[in-house]
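Colleague: My structure is stored as entry16.csv, with CSV, C-alpha atoms.
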chain,number,residue,atom,x,y,z
A,1496,MET,CA,74.5,138.3,180.6
A,1497,ILE,CA,78.0,137.6,181.9
A,1498,ASP,CA,78.1,135.1,184.7
A,1499,TRP,CA,80.8,136.6,187.0
A,1500,SER,CA,80.4,133.8,189.5
A,1501,LEU,CA,81.4,131.2,186.9
A,1502,ILE,CA,84.3,133.4,185.7
A,1503,SER,CA,85.4,133.8,189.3
A,1504,CYS,CA,85.3,130.0,189.8
A,1505,GLY,CA,87.3,129.5,186.6
A,1506,LEU,CA,90.0,131.8,187.9
A,1507,ARG,CA,90.0,130.8,191.6
A,1508,GLY,CA,88.5,127.3,191.7
A,1509,HIS,CA,85.1,126.0,192.8
A,1510,ILE,CA,83.9,126.0,196.5
A,1511,THR,CA,82.2,122.8,197.5
A,1512,TYR,CA,80.9,121.8,200.9
A,1513,ARG,CA,79.1,118.7,202.4
A,1514,PRO,CA,76.5,119.8,205.0
A,1515,GLU,CA,76.0,117.5,207.9
A,1516,GLU,CA,72.2,117.8,207.5
A,1517,SER,CA,71.2,115.1,205.1
A,1518,ALA,CA,68.4,117.2,203.5
A,1519,TYR,CA,70.8,119.8,202.4
A,1520,ALA,CA,73.5,117.3,201.5
A,1521,ASP,CA,71.1,115.4,199.2
A,1522,ARG,CA,70.2,118.6,197.4
A,1523,LEU,CA,73.8,119.5,196.8
A,1524,ARG,CA,75.0,116.1,195.7
A,1525,ALA,CA,74.5,114.4,192.4
A,1526,THR,CA,75.6,111.1,190.8
A,1527,THR,CA,77.3,111.4,187.4
A,1528,VAL,CA,79.2,109.0,185.1
A,1529,ALA,CA,82.4,110.5,186.6
A,1530,GLY,CA,81.2,109.7,190.1
A,1531,GLU,CA,79.7,111.7,193.0
A,1532,ALA,CA,79.5,115.4,192.3
A,1533,TRP,CA,78.9,118.4,194.6
A,1534,ARG,CA,77.4,121.7,193.7
A,1535,CYS,CA,79.6,124.8,193.9
A,1536,LEU,CA,78.3,127.3,196.4
A,1537,ARG,CA,79.4,130.2,194.3
A,1538,CYS,CA,78.5,129.4,190.7
A,1539,GLY,CA,76.1,126.4,191.2
A,1540,ALA,CA,78.0,124.1,188.8
A,1541,TYR,CA,78.4,120.4,189.9
A,1542,VAL,CA,82.0,119.3,190.5
A,1543,ALA,CA,82.9,115.6,190.2
A,1544,GLU,CA,85.2,115.5,193.2
A,1545,GLU,CA,85.2,115.2,197.0
A,1546,PRO,CA,83.9,118.4,198.6
A,1547,ALA,CA,86.5,120.8,199.9
A,1548,GLY,CA,84.9,121.0,203.3
A,1549,SER,CA,82.1,119.7,205.5
A,1550,GLY,CA,80.2,120.5,208.6
A,1551,PRO,CA,76.9,122.2,209.7
A,1552,ALA,CA,75.0,124.1,207.0
A,1553,ASP,CA,75.1,127.3,209.0
A,1554,LEU,CA,79.0,127.1,208.9
A,1555,ALA,CA,79.2,126.6,205.2
A,1556,PRO,CA,81.5,129.0,203.3
A,1557,THR,CA,79.8,132.2,202.1
A,1558,PRO,CA,81.6,133.1,198.8
A,1559,THR,CA,80.8,136.4,197.2
A,1560,ARG,CA,78.3,135.8,194.5
A,1561,GLY,CA,75.6,137.5,192.4
A,1562,ARG,CA,75.1,141.2,193.0
A,1563,ALA,CA,77.8,141.3,195.7
A,1564,LEU,CA,80.3,139.7,193.4
A,1565,ARG,CA,79.5,142.2,190.6
A,1566,GLN,CA,80.0,145.1,193.1
A,1567,LEU,CA,83.3,143.6,194.3
A,1568,ILE,CA,84.6,143.5,190.7
A,1569,ILE,CA,83.6,147.2,190.3
A,1570,LEU,CA,85.3,148.0,193.6
A,1571,ARG,CA,88.5,146.3,192.5
A,1572,LEU,CA,88.5,148.1,189.1
A,1573,LEU,CA,88.3,151.4,191.1
A,1574,ALA,CA,91.0,150.1,193.4
A,1575,VAL,CA,93.3,149.6,190.4
A,1576,LEU,CA,92.7,153.1,189.2
A,1577,ARG,CA,93.4,154.5,192.6
A,1578,ALA,CA,96.6,152.5,192.9
A,1579,ILE,CA,97.8,153.9,189.6
A,1580,GLU,CA,97.0,157.4,190.7
A,1581,GLY,CA,98.6,156.8,194.1
A,1582,THR,CA,101.8,155.5,192.5
A,1583,ALA,CA,102.0,158.6,190.2
A,1584,TRP,CA,101.4,161.1,193.0
A,1585,LEU,CA,103.9,159.3,195.3
A,1586,ALA,CA,106.5,159.3,192.5
A,1587,VAL,CA,106.1,163.0,191.9
A,1588,GLY,CA,106.1,163.9,195.6
A,1589,ILE,CA,109.2,161.8,196.4
A,1590,THR,CA,111.0,163.1,193.3
A,1591,ALA,CA,110.3,166.7,194.5
A,1592,TRP,CA,112.2,166.0,197.7
A,1593,PHE,CA,115.3,164.9,195.9
A,1594,VAL,CA,115.4,167.7,193.2
A,1595,SER,CA,114.1,170.6,195.3
A,1596,ASP,CA,117.5,172.4,195.2
A,1597,ARG,CA,117.7,172.1,191.4
A,1598,VAL,CA,114.1,173.0,190.4
A,1599,PRO,CA,114.4,176.8,190.7
A,1600,GLU,CA,117.5,176.9,188.6
A,1601,PHE,CA,116.0,174.6,186.0
A,1602,LEU,CA,112.8,176.7,185.8
A,1603,ALA,CA,114.8,179.9,185.5
A,1604,ASP,CA,116.8,178.5,182.6
A,1605,LEU,CA,113.7,177.2,180.9
A,1606,LYS,CA,112.0,180.6,181.2
A,1607,GLN,CA,115.0,182.2,179.5
A,1608,ALA,CA,114.8,179.7,176.7
A,1609,VAL,CA,111.2,180.4,175.9
A,1610,PRO,CA,111.9,183.5,173.7
A,1611,ALA,CA,114.4,181.4,171.7
A,1612,LEU,CA,111.7,178.8,171.0
A,1613,GLU,CA,109.1,181.3,169.8
A,1614,PRO,CA,110.0,181.3,166.1
A,1615,ALA,CA,109.9,177.5,165.9
A,1616,THR,CA,106.6,177.2,167.9
A,1617,ARG,CA,104.9,179.8,165.7
A,1618,THR,CA,105.6,177.7,162.6
A,1619,LEU,CA,103.6,175.0,164.4
A,1620,GLY,CA,100.8,177.3,165.2
A,1621,TRP,CA,101.6,177.4,168.9
A,1622,ASP,CA,102.0,180.8,170.6
A,1623,ILE,CA,104.4,179.8,173.3
A,1624,ASP,CA,104.4,183.3,174.9
A,1625,ARG,CA,100.7,182.9,175.8
A,1626,SER,CA,100.7,179.2,176.4
A,1627,TRP,CA,100.1,177.3,179.6
A,1628,LEU,CA,103.9,176.6,179.7
A,1629,ALA,CA,104.7,180.3,179.8
A,1630,ARG,CA,102.1,181.0,182.4
A,1631,GLY,CA,103.3,178.1,184.5
A,1632,LEU,CA,106.9,179.3,184.3
A,1633,ASP,CA,105.9,182.8,185.3
A,1634,ARG,CA,104.1,181.4,188.3
A,1635,TRP,CA,106.7,178.9,189.5
A,1636,SER,CA,110.0,180.3,188.4
A,1637,GLU,CA,110.6,182.1,191.8
A,1638,ILE,CA,109.6,179.1,193.9
A,1639,SER,CA,112.0,178.3,196.7
A,1640,PRO,CA,113.4,174.8,197.6
A,1641,ASP,CA,111.5,174.8,200.9
A,1642,THR,CA,108.2,175.4,199.1
A,1643,ILE,CA,109.0,172.6,196.7
A,1644,ILE,CA,109.6,170.2,199.6
A,1645,LEU,CA,106.3,171.3,201.2
A,1646,LEU,CA,104.5,170.7,197.9
A,1647,GLY,CA,106.3,167.4,197.5
A,1648,THR,CA,105.1,166.3,200.9
A,1649,ALA,CA,101.5,167.3,200.2
A,1650,ILE,CA,101.6,165.4,196.9
A,1651,ALA,CA,103.1,162.3,198.5
A,1652,LEU,CA,100.4,162.4,201.2
A,1653,LEU,CA,97.8,162.5,198.5
A,1654,GLY,CA,99.4,159.5,196.9
A,1655,ALA,CA,99.3,157.7,200.2
A,1656,VAL,CA,95.6,158.5,200.6
A,1657,LYS,CA,95.0,157.1,197.1
A,1658,TRP,CA,96.8,153.9,198.0
A,1659,ALA,CA,94.7,153.6,201.2
A,1660,GLU,CA,91.6,153.9,199.0
A,1661,ALA,CA,93.0,151.2,196.7
A,1662,VAL,CA,93.6,148.8,199.6
A,1663,GLY,CA,90.2,149.4,201.2
A,1664,LEU,CA,88.4,149.0,197.9
A,1665,TRP,CA,90.3,145.9,196.8
A,1666,LEU,CA,89.5,144.2,200.2
A,1667,GLY,CA,85.8,145.4,200.0
A,1668,LYS,CA,86.1,147.2,203.3
A,1669,ARG,CA,83.4,149.7,204.2
A,1670,TRP,CA,86.0,152.2,205.5
A,1671,GLY,CA,87.6,152.0,202.1
A,1672,GLU,CA,84.3,152.8,200.4
A,1673,TYR,CA,83.7,155.8,202.6
A,1674,LEU,CA,87.3,157.0,202.2
A,1675,ALA,CA,87.0,156.7,198.4
A,1676,ALA,CA,83.7,158.5,198.3
A,1677,VAL,CA,84.8,161.4,200.5
A,1678,ALA,CA,88.3,161.8,198.9
A,1679,THR,CA,86.9,161.6,195.4
A,1680,ALA,CA,84.1,164.1,196.1
A,1681,ALA,CA,86.5,166.5,197.7
A,1682,PHE,CA,88.5,167.0,194.5
A,1683,ILE,CA,85.5,167.3,192.2
A,1684,PRO,CA,85.2,171.1,192.7
A,1685,LEU,CA,88.9,171.5,191.9
A,1686,GLU,CA,88.4,169.4,188.8
A,1687,VAL,CA,85.5,171.5,187.7
A,1688,TYR,CA,87.6,174.7,188.2
A,1689,GLU,CA,90.5,173.2,186.2
A,1690,LEU,CA,88.0,172.3,183.5
A,1691,ILE,CA,86.7,175.8,183.4
A,1692,GLU,CA,90.2,177.2,183.2
A,1693,HIS,CA,91.2,174.9,180.3
A,1694,VAL,CA,88.9,172.4,178.6
A,1695,SER,CA,90.4,169.1,177.5
A,1696,ALA,CA,89.0,165.7,176.7
A,1697,PHE,CA,91.1,164.1,179.4
A,1698,LYS,CA,89.8,166.4,182.1
A,1699,ILE,CA,86.2,165.8,181.0
A,1700,VAL,CA,86.6,162.0,181.0
A,1701,LEU,CA,88.3,162.1,184.4
A,1702,LEU,CA,85.6,164.3,185.9
A,1703,LEU,CA,82.8,162.0,184.6
A,1704,ILE,CA,84.6,158.9,186.0
A,1705,ASN,CA,85.0,160.5,189.4
A,1706,VAL,CA,81.4,161.7,189.6
A,1707,ALA,CA,80.1,158.3,188.5
A,1708,ALA,CA,82.3,156.6,191.1
A,1709,VAL,CA,81.0,158.8,193.9
A,1710,VAL,CA,77.3,158.3,192.9
A,1711,TRP,CA,77.8,154.5,192.5
A,1712,LEU,CA,79.5,154.2,195.8
A,1713,VAL,CA,76.9,156.1,197.7
A,1714,PHE,CA,73.9,154.4,196.2
A,1715,ALA,CA,75.1,150.9,195.5
A,1716,LYS,CA,77.0,150.5,198.8
A,1717,ARG,CA,74.4,152.4,200.9
A,1718,LEU,CA,76.8,155.0,202.3
A,1719,PHE,CA,75.7,157.9,204.5
A,1720,GLY,CA,72.4,156.2,205.3
A,1721,VAL,CA,71.3,156.0,201.7
A,1722,ARG,CA,68.8,153.1,201.0
A,1723,GLY,CA,68.8,152.0,204.6
A,1724,GLY,CA,72.5,152.5,205.2
A,1725,ILE,CA,74.6,150.0,207.1
A,1726,ALA,CA,71.6,148.3,208.7
A,1727,ALA,CA,70.2,147.3,205.3
A,1728,GLU,CA,73.7,146.3,204.1
A,1729,ARG,CA,74.2,144.1,207.1
A,1730,ALA,CA,70.7,142.6,206.9
A,1731,GLU,CA,71.3,141.7,203.2
A,1732,ASN,CA,74.7,140.1,204.0
A,1733,GLU,CA,73.4,138.2,207.0
A,1734,GLU,CA,70.6,136.8,204.8
A,1735,VAL,CA,73.1,135.6,202.3
A,1736,SER,CA,75.2,134.1,205.0
A,1737,LEU,CA,72.3,132.1,206.5
A,1738,LEU,CA,70.9,131.0,203.2
A,1739,THR,CA,74.0,130.1,201.2
A,1740,VAL,CA,73.3,126.4,201.0
A,1741,GLU,CA,69.6,126.9,200.2
A,1742,LYS,CA,70.4,129.4,197.4
A,1743,ALA,CA,73.0,127.2,195.9
A,1744,ALA,CA,70.4,124.4,195.9
A,1745,GLU,CA,67.7,126.7,194.6
A,1746,VAL,CA,65.6,126.2,197.7
A,1747,ARG,CA,63.6,128.9,199.4
A,1748,PRO,CA,63.0,128.5,203.1
A,1749,ASP,CA,59.4,128.5,204.5
A,1750,ARG,CA,58.5,131.7,206.3
In structure tokens, how does this file's structure come out?
Modeller:
Amino acid sequence: MIDWSLISCGLRGHITYRPEESAYADRLRATTVAGEAWRCLRCGAYVAEEPAGSGPADLAPTPTRGRALRQLIILRLLAVLRAIEGTAWLAVGITAWFVSDRVPEFLADLKQAVPALEPATRTLGWDIDRSWLARGLDRWSEISPDTIILLGTAIALLGAVKWAEAVGLWLGKRWGEYLAAVATAAFIPLEVYELIEHVSAFKIVLLLINVAAVVWLVFAKRLFGVRGGIAAERAENEEVSLLTVEKAAEVRPDR
């Protein structure tokens, strides 16, 4: 099984701490041939160097580790996907503002060129007259510049929402998790409709990814009251915060 805590320490460095309480300090300290070593509060490895911090055990750093770290990694992978989507939507929306006056003329010229392309496309086995391109040109060839600007604005706003999701997910904020779950779920019916209209492998994969993301966010992050909701999430985080030193030392408190 992959030890994400160890990988995180390899990338970001270990987190060591000297508790003022001698009982905890003795459990976190070891003597090695390289000198005194302190146990990392994230991965549990001993580091032969002076601890990065010191103070009361209750004030020890609380690095993300274990299940919480695995969840944060998944959240950040989702954040990267949302950032890519957001950048694409913003690019399309902003471009629409600048080319709104030229798009109708371009579409009209392209529509007139379709018949001339028919002989060539038929040799490739593609009936361009009945293709998605012809249908799209029929639908959008009469579009006005003002409508293009409105569409561009809507697309740009969608891109901004995607970027808001990306930031919230990357930082592990609960509002970002809710925003991602709601925004993603809202577009699933549209994706299903598009899939019914025209099936493609890309649409199927995209739909499965978005459905999986919503289900994982709701259940793993306890959104909308699922699995105890925010109260259970806070209780779990508070327990980790209070027991960081004991867990790093593999000690369980008496209850």
Colleague: To test the calculation: enclose all listed atoms of segment 1552-1568 of chain A in a box whose edges run along x, y and z, add 6 Å on each side, then state centre and edge lengths in Å to one decimal, as lines of an AutoDock Vina configuration file.
Modeller:
center_x = 79.8
center_y = 134.6
center_z = 199.8
size_x = 21.6
size_y = 33.0
size_z = 30.4
Colleague: Around (72.5, 152.3, 201.5), as given in the file, which residues come within 12 Å? Count only C-alpha atoms and list them as a list in words.
Modeller: Arg1669, Glu1672, Tyr1673, Val1710, Trp1711, Leu1712, Val1713, Phe1714, Ala1715, Lys1716, Arg1717, Leu1718, Phe1719, Gly1720, Val1721, Arg1722, Gly1723, Gly1724, Ile1725, Ala1726, Ala1727, Glu1728, Arg1729, Ala1730 and Glu1731 of chain A
Colleague: Find the residues with any atom within 10 Å of (84.7, 121.6, 210.1); use only C-alpha atoms and the coordinates as given in the file, and write the answer as a list in words.
Modeller: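 Residues found, by chain and rising number: Tyr1512, Arg1513, Pro1514, Glu1515, Gly1548, Ser1549, Gly1550, Pro1551, Leu1554 and Ala1555 of chain A.
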Colleague: Which residues come within 8 Å of Ala1586 of chain A, counting all atoms listed in the file, excluding same-chain residues fewer than 4 positions away, as JSON, numbers by chain?
Modeller: {"A": [1582, 1590, 1651]}
Colleague: Return the single residue from A:Glu1545, A:Gly1508, A:Trp1592, A:Gln1566 that is closest to Ile1650 of chain A, with distances computed using all atoms listed in the file.
Modeller: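 Selected residue with least distance to Ile1650 of chain A: A:Trp1592.
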Colleague: Contacts of Cys1504 of chain A at 8 Å or less, counting all atoms listed in the file, minus same-chain residues fewer than 6 places along, as a list in words?
Modeller: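 The contact residues come out as Ile1510, Arg1537 and Cys1538 of chain A.
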Colleague: Figure out the distance between atom CA of Arg1597 of chain A and atom CA of Pro1640 of chain A, please, to one decimal in Å.
Modeller: 8.0 Å
Colleague: Using all atoms listed in the file for the distances, tell me which of A:Val1706, A:Ile1497, A:Leu1612, A:Ala1591 is nearest to Glu1686 of chain A.
Modeller: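 Going through A:Val1706, A:Ile1497, A:Leu1612, A:Ala1591 one by one, the smallest distance to Glu1686 of chain A is for A:Val1706.
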Colleague: Find, counting only C-alpha atoms, the residue in A:Pro1614, A:Leu1653, A:Leu1572, A:Arg1522 that gets nearest to Val1587 of chain A.
Modeller: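 Of all the options, A:Leu1653 lies closest to Val1587 of chain A.
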Colleague: Which is closest to Ala1708 of chain A among A:Val1687, A:Ile1569, A:Val1575, A:Ile1643, if we use only C-alpha atoms?
Modeller: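 With only C-alpha atoms as the atom set, the closest residue is A:Ile1569.
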Colleague: In Å to one decimal, how far is atom CA of Thr1648 of chain A from atom CA of Ala1680 of chain A?
Modeller: 21.7 Å
Colleague: Mind pulling up the distance from atom CA of Lys1657 of chain A to atom CA of Glu1580 of chain A?
Modeller: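 Interatomic distance, atom CA of Glu1580 of chain A to atom CA of Lys1657 of chain A: 6.7 Å.
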Colleague: Taking only C-alpha atoms into account, which of A:Ala1540, A:Val1528, A:Ala1678, A:Ala1603 comes nearest Glu1637 of chain A?
Modeller: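 For Glu1637 of chain A, the nearest of the candidates is A:Ala1603.
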Colleague: My list of candidates is A:Leu1576, A:Ala1681, A:Cys1535, A:Leu1701. Which is closest to Gly1505 of chain A when distances are computed with all atoms listed in the file?
Modeller: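 Of the candidates, the smallest distance to Gly1505 of chain A is held by A:Cys1535.
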Colleague: Excluding same-chain residues fewer than 2 positions from Arg1534 of chain A, what lies within 10 Å of it counting all atoms listed in the file, as number ranges by chain?
Modeller: A: 1509-1513, 1520, 1522-1525, 1532, 1536-1544, 1546, 1740, 1743-1744
Colleague: Missing atoms in segment 1686-1722 of chain A: fill them in up to N, CA and C atoms and send the result as a PDB file, in the frame of the given file.
Modeller:
ATOM      1  N   GLU A1686      88.447 169.855 190.146  1.00  0.00           N
ATOM      2  CA  GLU A1686      88.400 169.400 188.800  1.00  0.00           C
ATOM      3  C   GLU A1686      87.539 170.233 187.887  1.00  0.00           C
ATOM      4  N   VAL A1687      86.401 170.662 188.446  1.00  0.00           N
ATOM      5  CA  VAL A1687      85.500 171.500 187.700  1.00  0.00           C
ATOM      6  C   VAL A1687      86.169 172.879 187.417  1.00  0.00           C
ATOM      7  N   TYR A1688      86.867 173.427 188.411  1.00  0.00           N
ATOM      8  CA  TYR A1688      87.600 174.700 188.200  1.00  0.00           C
ATOM      9  C   TYR A1688      88.652 174.556 187.152  1.00  0.00           C
ATOM     10  N   GLU A1689      89.415 173.460 187.212  1.00  0.00           N
ATOM     11  CA  GLU A1689      90.500 173.200 186.200  1.00  0.00           C
ATOM     12  C   GLU A1689      89.846 173.090 184.820  1.00  0.00           C
ATOM     13  N   LEU A1690      88.676 172.473 184.751  1.00  0.00           N
ATOM     14  CA  LEU A1690      88.000 172.300 183.500  1.00  0.00           C
ATOM     15  C   LEU A1690      87.543 173.638 182.909  1.00  0.00           C
ATOM     16  N   ILE A1691      87.082 174.511 183.805  1.00  0.00           N
ATOM     17  CA  ILE A1691      86.700 175.800 183.400  1.00  0.00           C
ATOM     18  C   ILE A1691      87.843 176.653 182.862  1.00  0.00           C
ATOM     19  N   GLU A1692      88.978 176.504 183.555  1.00  0.00           N
ATOM     20  CA  GLU A1692      90.200 177.200 183.200  1.00  0.00           C
ATOM     21  C   GLU A1692      90.688 176.765 181.797  1.00  0.00           C
ATOM     22  N   HIS A1693      90.665 175.464 181.585  1.00  0.00           N
ATOM     23  CA  HIS A1693      91.200 174.900 180.300  1.00  0.00           C
ATOM     24  C   HIS A1693      90.447 173.613 180.020  1.00  0.00           C
ATOM     25  N   VAL A1694      89.629 173.587 178.985  1.00  0.00           N
ATOM     26  CA  VAL A1694      88.900 172.400 178.600  1.00  0.00           C
ATOM     27  C   VAL A1694      89.745 171.421 177.852  1.00  0.00           C
ATOM     28  N   SER A1695      89.664 170.151 178.254  1.00  0.00           N
ATOM     29  CA  SER A1695      90.400 169.100 177.500  1.00  0.00           C
ATOM     30  C   SER A1695      89.544 167.812 177.636  1.00  0.00           C
ATOM     31  N   ALA A1696      89.691 166.948 176.659  1.00  0.00           N
ATOM     32  CA  ALA A1696      89.000 165.700 176.700  1.00  0.00           C
ATOM     33  C   ALA A1696      89.336 164.837 177.881  1.00  0.00           C
ATOM     34  N   PHE A1697      90.625 164.840 178.235  1.00  0.00           N
ATOM     35  CA  PHE A1697      91.100 164.100 179.400  1.00  0.00           C
ATOM     36  C   PHE A1697      90.441 164.519 180.669  1.00  0.00           C
ATOM     37  N   LYS A1698      90.364 165.841 180.873  1.00  0.00           N
ATOM     38  CA  LYS A1698      89.800 166.400 182.100  1.00  0.00           C
ATOM     39  C   LYS A1698      88.273 166.045 182.161  1.00  0.00           C
ATOM     40  N   ILE A1699      87.595 166.103 181.020  1.00  0.00           N
ATOM     41  CA  ILE A1699      86.200 165.800 181.000  1.00  0.00           C
ATOM     42  C   ILE A1699      85.944 164.323 181.364  1.00  0.00           C
ATOM     43  N   VAL A1700      86.721 163.430 180.761  1.00  0.00           N
ATOM     44  CA  VAL A1700      86.600 162.000 181.000  1.00  0.00           C
ATOM     45  C   VAL A1700      86.891 161.720 182.511  1.00  0.00           C
ATOM     46  N   LEU A1701      87.955 162.328 183.035  1.00  0.00           N
ATOM     47  CA  LEU A1701      88.300 162.100 184.400  1.00  0.00           C
ATOM     48  C   LEU A1701      87.244 162.586 185.376  1.00  0.00           C
ATOM     49  N   LEU A1702      86.658 163.747 185.082  1.00  0.00           N
ATOM     50  CA  LEU A1702      85.600 164.300 185.900  1.00  0.00           C
ATOM     51  C   LEU A1702      84.370 163.345 185.895  1.00  0.00           C
ATOM     52  N   LEU A1703      83.993 162.876 184.712  1.00  0.00           N
ATOM     53  CA  LEU A1703      82.800 162.000 184.600  1.00  0.00           C
ATOM     54  C   LEU A1703      83.068 160.676 185.359  1.00  0.00           C
ATOM     55  N   ILE A1704      84.282 160.146 185.273  1.00  0.00           N
ATOM     56  CA  ILE A1704      84.600 158.900 186.000  1.00  0.00           C
ATOM     57  C   ILE A1704      84.477 159.108 187.486  1.00  0.00           C
ATOM     58  N   ASN A1705      85.012 160.221 187.991  1.00  0.00           N
ATOM     59  CA  ASN A1705      85.000 160.500 189.400  1.00  0.00           C
ATOM     60  C   ASN A1705      83.568 160.730 189.940  1.00  0.00           C
ATOM     61  N   VAL A1706      82.778 161.476 189.170  1.00  0.00           N
ATOM     62  CA  VAL A1706      81.400 161.700 189.600  1.00  0.00           C
ATOM     63  C   VAL A1706      80.615 160.399 189.587  1.00  0.00           C
ATOM     64  N   ALA A1707      80.795 159.590 188.550  1.00  0.00           N
ATOM     65  CA  ALA A1707      80.100 158.300 188.500  1.00  0.00           C
ATOM     66  C   ALA A1707      80.537 157.393 189.641  1.00  0.00           C
ATOM     67  N   ALA A1708      81.826 157.431 189.991  1.00  0.00           N
ATOM     68  CA  ALA A1708      82.300 156.600 191.100  1.00  0.00           C
ATOM     69  C   ALA A1708      81.681 156.996 192.413  1.00  0.00           C
ATOM     70  N   VAL A1709      81.570 158.299 192.675  1.00  0.00           N
ATOM     71  CA  VAL A1709      81.000 158.800 193.900  1.00  0.00           C
ATOM     72  C   VAL A1709      79.490 158.374 193.984  1.00  0.00           C
ATOM     73  N   VAL A1710      78.760 158.616 192.905  1.00  0.00           N
ATOM     74  CA  VAL A1710      77.300 158.300 192.900  1.00  0.00           C
ATOM     75  C   VAL A1710      77.124 156.790 193.064  1.00  0.00           C
ATOM     76  N   TRP A1711      77.923 155.978 192.377  1.00  0.00           N
ATOM     77  CA  TRP A1711      77.800 154.500 192.500  1.00  0.00           C
ATOM     78  C   TRP A1711      78.096 154.058 193.904  1.00  0.00           C
ATOM     79  N   LEU A1712      79.176 154.563 194.492  1.00  0.00           N
ATOM     80  CA  LEU A1712      79.500 154.200 195.800  1.00  0.00           C
ATOM     81  C   LEU A1712      78.448 154.488 196.848  1.00  0.00           C
ATOM     82  N   VAL A1713      77.913 155.697 196.755  1.00  0.00           N
ATOM     83  CA  VAL A1713      76.900 156.100 197.700  1.00  0.00           C
ATOM     84  C   VAL A1713      75.629 155.305 197.613  1.00  0.00           C
ATOM     85  N   PHE A1714      75.153 155.066 196.388  1.00  0.00           N
ATOM     86  CA  PHE A1714      73.900 154.400 196.200  1.00  0.00           C
ATOM     87  C   PHE A1714      74.007 152.857 196.254  1.00  0.00           C
ATOM     88  N   ALA A1715      74.997 152.316 195.565  1.00  0.00           N
ATOM     89  CA  ALA A1715      75.100 150.900 195.500  1.00  0.00           C
ATOM     90  C   ALA A1715      75.574 150.280 196.846  1.00  0.00           C
ATOM     91  N   LYS A1716      76.456 150.993 197.557  1.00  0.00           N
ATOM     92  CA  LYS A1716      77.000 150.500 198.800  1.00  0.00           C
ATOM     93  C   LYS A1716      76.274 151.108 200.030  1.00  0.00           C
ATOM     94  N   ARG A1717      75.207 151.885 199.793  1.00  0.00           N
ATOM     95  CA  ARG A1717      74.400 152.400 200.900  1.00  0.00           C
ATOM     96  C   ARG A1717      75.146 153.266 201.864  1.00  0.00           C
ATOM     97  N   LEU A1718      76.020 154.135 201.371  1.00  0.00           N
ATOM     98  CA  LEU A1718      76.800 155.000 202.300  1.00  0.00           C
ATOM     99  C   LEU A1718      75.985 156.168 202.750  1.00  0.00           C
ATOM    100  N   PHE A1719      76.374 156.715 203.904  1.00  0.00           N
ATOM    101  CA  PHE A1719      75.700 157.900 204.500  1.00  0.00           C
ATOM    102  C   PHE A1719      74.239 157.716 204.702  1.00  0.00           C
ATOM    103  N   GLY A1720      73.842 156.489 205.002  1.00  0.00           N
ATOM    104  CA  GLY A1720      72.400 156.200 205.300  1.00  0.00           C
ATOM    105  C   GLY A1720      71.537 156.059 204.109  1.00  0.00           C
ATOM    106  N   VAL A1721      72.080 156.150 202.903  1.00  0.00           N
ATOM    107  CA  VAL A1721      71.300 156.000 201.700  1.00  0.00           C
ATOM    108  C   VAL A1721      70.746 154.590 201.554  1.00  0.00           C
ATOM    109  N   ARG A1722      69.479 154.451 201.171  1.00  0.00           N
ATOM    110  CA  ARG A1722      68.800 153.100 201.000  1.00  0.00           C
ATOM    111  C   ARG A1722      68.927 152.241 202.178  1.00  0.00           C
TER     112      ARG A1722
END
